[in-house]
>>> print(open('coords.cif').read())   # mmCIF, C-alpha atoms and all ligand atoms
data_structure
#
loop_
_atom_site.label_atom_id
_atom_site.label_comp_id
_atom_site.auth_asym_id
_atom_site.auth_seq_id
_atom_site.Cartn_x
_atom_site.Cartn_y
_atom_site.Cartn_z
CA MET A 1 91.22 85.28 132.65
CA ALA A 2 91.76 83.45 135.87
CA VAL A 3 93.77 80.28 136.20
CA THR A 4 91.71 77.26 137.22
CA VAL A 5 93.23 74.83 139.69
CA LEU A 6 91.78 71.35 140.06
CA ILE A 7 92.14 69.94 143.57
CA VAL A 8 91.97 66.15 143.72
CA GLU A 9 91.76 65.32 147.39
CA ASP A 10 89.49 62.93 149.27
CA GLU A 11 90.00 64.50 152.69
CA GLU A 12 87.25 67.07 152.73
CA LYS A 13 88.85 69.34 155.30
CA ILE A 14 92.08 69.65 153.34
CA GLY A 15 90.22 70.07 150.07
CA ARG A 16 88.08 72.83 151.49
CA PHE A 17 91.08 74.57 153.03
CA LEU A 18 93.00 74.48 149.73
CA GLU A 19 89.93 75.72 147.88
CA LEU A 20 89.54 78.75 150.15
CA GLU A 21 93.22 79.65 149.96
CA LEU A 22 93.30 79.34 146.18
CA LEU A 23 90.12 81.38 145.76
CA HIS A 24 91.64 84.00 148.01
CA GLU A 25 94.68 84.14 145.71
CA GLY A 26 92.45 84.79 142.72
CA TYR A 27 92.40 81.30 141.22
CA GLU A 28 89.28 79.53 140.11
CA VAL A 29 88.84 76.13 141.70
CA MET A 30 87.48 72.75 140.64
CA LYS A 31 87.38 69.83 143.02
CA ALA A 32 87.33 66.07 142.81
CA ALA A 33 87.11 63.68 145.76
CA ASP A 34 88.46 60.49 144.18
CA GLY A 35 90.93 59.43 141.55
CA ARG A 36 88.42 58.57 138.85
CA GLU A 37 86.58 61.88 139.11
CA GLY A 38 89.94 63.65 139.30
CA LEU A 39 91.16 62.05 136.09
CA GLU A 40 87.95 62.95 134.27
CA LYS A 41 88.10 66.57 135.37
CA ALA A 42 91.81 66.85 134.63
CA GLN A 43 91.12 65.58 131.11
CA SER A 44 88.19 67.93 130.60
CA GLY A 45 90.50 70.75 129.55
CA LYS A 46 88.83 73.12 131.98
CA ALA A 47 91.68 73.17 134.51
CA ASP A 48 95.10 74.80 134.07
CA LEU A 49 96.87 72.95 136.87
CA VAL A 50 96.15 69.93 139.06
CA VAL A 51 96.95 69.53 142.74
CA LEU A 52 96.83 65.76 143.06
CA ASP A 53 96.80 63.81 146.30
CA VAL A 54 98.49 60.39 146.18
CA MET A 55 96.28 58.50 148.62
CA LEU A 56 92.90 58.51 146.90
CA PRO A 57 89.98 56.10 146.60
CA GLU A 58 89.17 54.51 143.22
CA LEU A 59 92.50 55.34 141.54
CA ASN A 60 95.51 56.47 143.49
CA GLY A 61 97.32 59.64 142.53
CA PHE A 62 100.14 57.88 140.67
CA GLU A 63 97.65 55.95 138.57
CA VAL A 64 95.70 59.12 137.83
CA LEU A 65 98.94 60.79 136.75
CA ARG A 66 100.00 57.82 134.62
CA ARG A 67 96.70 57.78 132.74
CA LEU A 68 96.56 61.55 132.49
CA ARG A 69 100.01 61.77 130.93
CA LYS A 70 98.95 59.60 128.01
CA ASN A 71 97.13 62.53 126.51
CA SER A 72 97.70 65.61 128.62
CA ASP A 73 100.64 67.70 129.75
CA ILE A 74 98.65 69.77 132.22
CA PRO A 75 100.92 70.82 135.13
CA VAL A 76 100.54 68.51 138.13
CA ILE A 77 101.71 69.01 141.72
CA MET A 78 101.47 65.83 143.79
CA LEU A 79 100.58 65.79 147.46
CA THR A 80 101.94 62.88 149.42
CA ALA A 81 101.14 62.11 153.02
CA ARG A 82 103.96 59.65 153.35
CA ASP A 83 107.32 61.21 153.69
CA GLU A 84 109.01 58.61 151.57
CA VAL A 85 111.58 59.37 148.96
CA MET A 86 110.20 56.60 146.76
CA ASP A 87 106.87 58.39 146.47
CA LYS A 88 108.53 61.56 145.36
CA VAL A 89 110.68 59.80 142.83
CA ALA A 90 107.69 57.87 141.49
CA GLY A 91 105.74 61.11 141.24
CA LEU A 92 108.38 62.99 139.34
CA ASP A 93 109.19 60.01 137.13
CA GLY A 94 105.52 59.70 136.36
CA GLY A 95 105.48 63.19 134.96
CA ALA A 96 104.56 65.34 137.94
CA ASP A 97 105.92 68.87 137.83
CA ASP A 98 106.48 69.04 141.54
CA TYR A 99 105.43 67.39 144.79
CA MET A 100 104.66 68.44 148.34
CA THR A 101 104.83 66.33 151.44
CA LYS A 102 101.97 66.66 153.90
CA PRO A 103 101.73 68.49 156.16
CA PHE A 104 102.91 71.52 154.24
CA ALA A 105 102.69 75.27 154.62
CA ILE A 106 100.05 76.67 152.29
CA GLU A 107 102.44 79.48 151.30
CA GLU A 108 104.83 76.89 149.96
CA LEU A 109 102.16 75.23 147.86
CA LEU A 110 101.05 78.61 146.51
CA ALA A 111 104.65 79.47 145.67
CA ARG A 112 105.11 76.16 143.88
CA ILE A 113 101.91 76.63 141.93
CA ARG A 114 103.14 80.01 140.74
CA LEU A 115 106.52 78.56 139.88
CA VAL A 116 105.12 75.62 137.95
CA LEU A 117 102.79 77.90 135.98
CA LYS A 118 105.66 80.24 135.26
CA LYS A 119 107.95 77.41 134.18
CA ARG A 120 105.30 76.15 131.83
CA GLY A 121 105.29 79.64 130.36
CA SER A 122 101.58 79.92 130.97
CA SER A 123 100.46 83.40 130.06
CA VAL A 124 97.24 82.78 131.93
CA GLY A 125 99.44 82.08 134.91
CA MET A 126 100.37 85.72 135.06
CA ALA A 127 96.79 86.90 135.02
CA GLY A 128 95.84 84.38 137.63
CA ALA A 129 98.39 85.60 140.11
CA ALA A 130 95.61 87.89 141.34
CA GLY A 131 95.27 91.64 141.21
CA ARG A 132 97.84 92.02 143.92
CA ASP A 133 100.63 91.09 141.53
CA LYS A 134 99.52 93.39 138.76
CA ASN A 135 100.92 96.28 140.76
CA GLN A 136 104.22 94.55 141.41
CA LEU A 137 106.71 94.57 138.56
CA SER A 138 110.20 93.23 138.92
CA VAL A 139 113.30 91.97 137.26
CA GLY A 140 116.12 90.52 139.32
CA LYS A 141 116.54 92.71 142.37
CA LEU A 142 114.68 95.60 140.81
CA CYS A 143 111.12 96.00 142.11
CA MET A 144 108.41 98.45 141.17
CA ASP A 145 105.25 98.98 143.16
CA VAL A 146 103.02 100.71 140.65
CA GLN A 147 100.27 101.54 143.09
CA ARG A 148 102.61 103.04 145.68
CA TYR A 149 104.74 104.62 143.00
CA GLU A 150 107.90 103.14 144.46
CA VAL A 151 111.01 101.63 142.94
CA SER A 152 113.70 99.76 144.82
CA TYR A 153 116.82 97.83 143.99
CA ASP A 154 117.88 95.12 146.40
CA GLY A 155 115.57 96.69 148.96
CA LYS A 156 117.04 100.15 148.54
CA GLN A 157 114.66 102.90 147.50
CA VAL A 158 115.34 104.61 144.16
CA GLU A 159 113.94 108.10 143.54
CA LEU A 160 112.66 108.58 140.00
CA THR A 161 110.93 111.44 138.27
CA HIS A 162 107.48 110.86 136.81
CA ARG A 163 108.73 110.18 133.29
CA GLU A 164 111.61 108.01 134.41
CA PHE A 165 109.10 105.99 136.39
CA GLU A 166 106.72 105.71 133.43
CA LEU A 167 109.52 104.65 131.09
CA LEU A 168 110.75 102.00 133.49
CA LYS A 169 107.18 100.79 133.97
CA VAL A 170 106.61 100.30 130.25
CA LEU A 171 109.88 98.37 129.96
CA LEU A 172 109.06 96.18 132.95
CA GLU A 173 105.53 95.50 131.74
CA ASN A 174 107.02 94.30 128.45
CA LYS A 175 109.88 92.33 129.90
CA ASN A 176 112.00 90.48 127.31
CA ILE A 177 110.37 92.41 124.48
CA VAL A 178 112.30 95.03 122.56
CA ILE A 179 110.31 98.25 122.43
CA SER A 180 110.97 100.86 119.81
CA ARG A 181 111.77 104.46 120.69
CA ASP A 182 108.55 105.54 118.95
CA THR A 183 106.41 103.25 121.08
CA LEU A 184 108.18 104.35 124.22
CA LEU A 185 107.78 107.97 123.23
CA GLU A 186 104.07 107.51 122.73
CA LYS A 187 103.58 105.59 125.96
CA VAL A 188 105.72 107.81 128.13
CA CYS A 189 105.14 111.25 126.64
CA GLY A 190 101.78 110.79 124.94
CA TYR A 191 101.02 110.42 121.24
CA ASP A 192 100.82 114.16 120.72
CA TYR A 193 104.28 114.82 122.11
CA MET A 194 105.96 117.48 119.97
CA GLY A 195 109.33 117.88 121.66
CA GLU A 196 112.72 116.36 121.01
CA THR A 197 112.52 112.86 119.56
CA ASN A 198 115.63 111.73 121.39
CA ILE A 199 113.94 112.39 124.70
CA ILE A 200 113.63 108.63 125.36
CA ASP A 201 117.39 108.22 125.02
CA VAL A 202 117.78 111.03 127.52
CA TYR A 203 115.45 109.36 130.02
CA VAL A 204 117.18 106.03 129.55
CA ARG A 205 120.43 107.79 130.37
CA TYR A 206 118.89 109.26 133.52
CA LEU A 207 117.57 105.84 134.55
CA ARG A 208 120.97 104.27 134.00
CA SER A 209 122.62 106.92 136.10
CA LYS A 210 120.21 106.12 138.94
CA LEU A 211 120.25 102.33 138.59
CA ASP A 212 123.14 100.87 136.60
CA ASP A 213 125.77 103.30 137.84
CA VAL A 214 124.68 103.12 141.46
CA PHE A 215 124.18 99.35 141.70
CA GLN A 216 126.80 98.23 139.17
CA VAL A 217 124.32 96.40 136.96
CA LYS A 218 123.09 96.59 133.41
CA ILE A 219 119.33 96.68 133.59
CA ILE A 220 118.21 98.37 130.39
CA GLN A 221 119.60 96.89 127.20
CA THR A 222 120.02 98.97 124.07
CA VAL A 223 119.00 97.16 120.93
CA ARG A 224 120.78 99.02 118.20
CA GLY A 225 118.56 100.57 115.59
CA VAL A 226 115.41 99.38 117.36
CA GLY A 227 114.96 100.51 120.92
CA TYR A 228 115.27 99.23 124.44
CA CYS A 229 114.57 96.11 126.43
CA ILE A 230 114.71 94.80 129.97
CA LYS A 231 115.62 91.13 130.05
CA ASP A 232 114.73 88.59 132.68
CA GLU A 233 118.18 87.18 133.31
CA ASN A 234 119.44 90.44 134.77
CA CA B 1 94.05 61.43 150.58
#
>>> encode(input="coords.cif", output="structure tokens", more="lines below")
Ligand code: CA
Amino acid sequence: MAVTVLIVEDEEKIGRFLELELLHEGYEVMKAADGREGLEKAQSGKADLVVLDVMLPELNGFEVLRRLRKNSDIPVIMLTARDEVMDKVAGLDGGADDYMTKPFAIEELLARIRLVLKKRGSSVGMAGAAGRDKNQLSVGKLCMDVQRYEVSYDGKQVELTHREFELLKVLLENKNIVISRDTLLEKVCGYDYMGETNIIDVYVRYLRSKLDDVFQVKIIQTVRGVGYCIKDEN
């Protein structure tokens, strides 16, 4: 399910530009050209995040935000044309999640959108980060490119065998979730695997020798009696 971003912006050129960039990133887009329409659409429940310009006809952005916050905690990123600290403070005090000062680099806005969605713990936020990100798994400095079958730590390539790779992939896909040995066994070796049941422990040991020992980190956590887990704070 894609994440829907509502753009409230009266300047058509900017609105159109934002729309194209967001569509390109895999978001769905709704648009409103004035404050009143923006407030209505933000309250409709159809959008997951609002990019809200401050200088708007009908209702200005701060007023839209103030009214919106009475009954909605939808993430809001304010756009302000005036580079004034007061605007920013007013925006954040009014319940905005973040703000951008115009003119801004689109990459920065996209990054902030991702960050705000992530902070809000939006699960749809993950799906909306477009197909591109589905193939990129990471925790801390550890990165996995599933499509290219590559793993690196801090930019340094790590050579893994097929099963080590598959094991690491399952753990990364289920970040912060403890996965039992049985589940790992099934996912990595197949449900009809008939060999040694401690094979997962063996692969974890191999992975640790290639990651933890080399880079002096502790990536894979052992949860006694249950299984293994890769946690975000690493
Ligand atoms: Ca404007």
>>> residues_near_point(input="coords.cif", point="(94.0, 77.7, 140.4)", cutoff="10 Å", atoms="all atoms listed in the file", output="list in words")
Ala2, Val3, Thr4, Val5, Leu6, Ile7, Leu18, Glu19, Glu21, Leu22, Leu23, Glu25, Gly26, Tyr27, Glu28, Val29, Met30, Ala47, Asp48, Leu49, Val50, Val51, Leu110, Ile113, Arg114, Leu117, Gly125, Gly128 and Ala129 of chain A
>>> residues_near_ligand(input="coords.cif", ligand="ligand CA 1 (chain B)", cutoff="6 Å", atoms="only C-alpha atoms and all ligand atoms", output="list of chain:residue names")
A:Glu9, A:Asp10, A:Glu11, A:Asp53, A:Met55, A:Leu56
>>> closest_residue(input="coords.cif", among="A:Lys231, A:Arg16, A:Lys46, A:Arg224", to="A:Arg181", atoms="all atoms listed in the file")
A:Arg224
>>> atom_distance(input="coords.cif", atom1="atom CA of A:Val188", atom2="atom CA of A:Gln221")
17.7 Å
>>> atom_distance(input="coords.cif", atom1="atom CA of A:Glu40", atom2="atom CA of A:Gly15")
17.5 Å
>>> residues_near_point(input="coords.cif", point="(99.9, 61.8, 155.8)", cutoff="12 Å", atoms="all atoms listed in the file", output="PyMOL selection string")
chain A and resi 11+14+53-56+79-84+100-104
>>> atom_distance(input="coords.cif", atom1="atom CA of A:Leu52", atom2="atom CA of A:Ile77")
6.0 Å
